[in-house]
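A short worksheet on the structure shown next.
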Amino acid sequence: MLLSLNLFTALIILGIVGGMISLTAIVMILITEKEVDYLEVEKERAELEVLLNESKLLQLSAQIRPHFLFNTLNTISTLIRLKKNKEAEQAIYSVSSLLRYHLENEEALITLKDEMKYAKQYLSIQKLRFGDRLDWTFVIPEKLMDEKIPMLVIQPLIENACIHGIEPAIEGGRITLSAKAVEDQLQIEIRDDGVGVSDEVIDGFEKWKQGLPSADNHLHIGLKNVHSRLVEQFGRRSGLMIKREGNETVSEVKIFYQK
């Protein structure tokens with residue numbers, strides 16, 4: 001009878017242990033299935049985020065192109081009103097080249113060398129308008145020429161310097177473009193010694209970047225567009241800063257490359 005009791009107890013224990021093992025196995029299967037479902041959902045969410053980011057970047061890029069074209073056509077119109085027909089004709093040919101550049105470069109990133117060529121073409125158009133009142137200098141190390149940057153990052157900042165810095169200055173001024181590599185980041189500066197950016201624009205731009213209320217009418221679409229695209233493509237450490245150093249306005253682009 002004692003043997004039977006021990007055997008009975010052993011069977012009960014084995015049953016409990018077996019049940020626990022079976023229950024554990026079932027739970028593990030359910031957890032695994034949940035993990036698979038979770039990973040699938042996360043994958044779909046990540047893919048959706050990529051699509052949304054790409055869509056946003058396309059929207060931002062599309063936003064600045066009509067803005068550029070509108071301002072450039074204004075330049076040609078000014079040349080015609082001043083009876084500078086030969087200069088206006090040269091500007092039209094240059095605009096055709098710039099538009100071709102827009103259409104042929106559909107990639108999100110281009111080399112710094114290509115963006116510099118584009119910036120020089122834009123400045124050549126403005127030179128027809130400003131004459132001796134506009135000059136520029138590029139200081140770019142050869143080793144940085146193949147670095148990748150978003151298309152139309154430099155040109156809007158040069159455009160901003162021409163319209164809001166050089167044009168209001170009676171004697172005009174100089175625009176200086178420079179670049180340097182600092183550890184894992186690329187720094188690009190556009191300086192002009194024109195009339196100088198106002199505190200209102202600097203403060204409003206910083207507030208806008210932080211999502212705070214600002215005098216939005218004083219913010220130029222090119223500045224906001226450049227900053228937004230840098231953040232979208234390279235993360236929140238990247239972006240655009242506007243500041244004053246002495247009598248110069250400085251637009252500083254920072255691109256942190258993800259390793």
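Residues in the structure tokens are numbered from 1 in each chain, the chains being A, B, ... in the order shown, and ligands are numbered from 1 in the order shown.
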Spatial neighbours of Glu189 of chain A, 12 Å, only C-alpha atoms, chain gap at least 2 places, as a ChimeraX atom specification: /A:137-140,153-155,157-158,161,175-181,186-187,191-192,240-243,248-255
Of the listed residues A:Glu171, A:Asp184, A:Glu147, A:Glu87, that which approaches Leu112 of chain A most closely, counting only C-alpha atoms: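 Answer, going by the shortest atom-to-atom distance: A:Glu147.
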Which residue of A:Phe205, A:Lys143, A:Met151, A:Asp132 approaches Gly172 of chain A most closely, using only C-alpha atoms: A:Asp132
Ser97 of chain A surroundings by only C-alpha atoms, 12 Å radius, close-in-sequence under 3 positions cut, as a ChimeraX atom specification: /A:90-94,100-104,117-122,124-125
Gap from atom CA of Leu134 of chain A to atom CA of Arg174 of chain A - Å, one decimal: 6.0 Å
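In this structure, atom CA of Phe256 of chain A sits 4.3 Å away from atom CA of Gln185 of chain A.
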Backbone-only DSSP, helix (DSSP H, G or I) members of segment 50-256 of chain A, as number ranges by chain: A: 50-81, 85-104, 112-133, 142-144, 154-166, 199-209, 216-218, 221-234
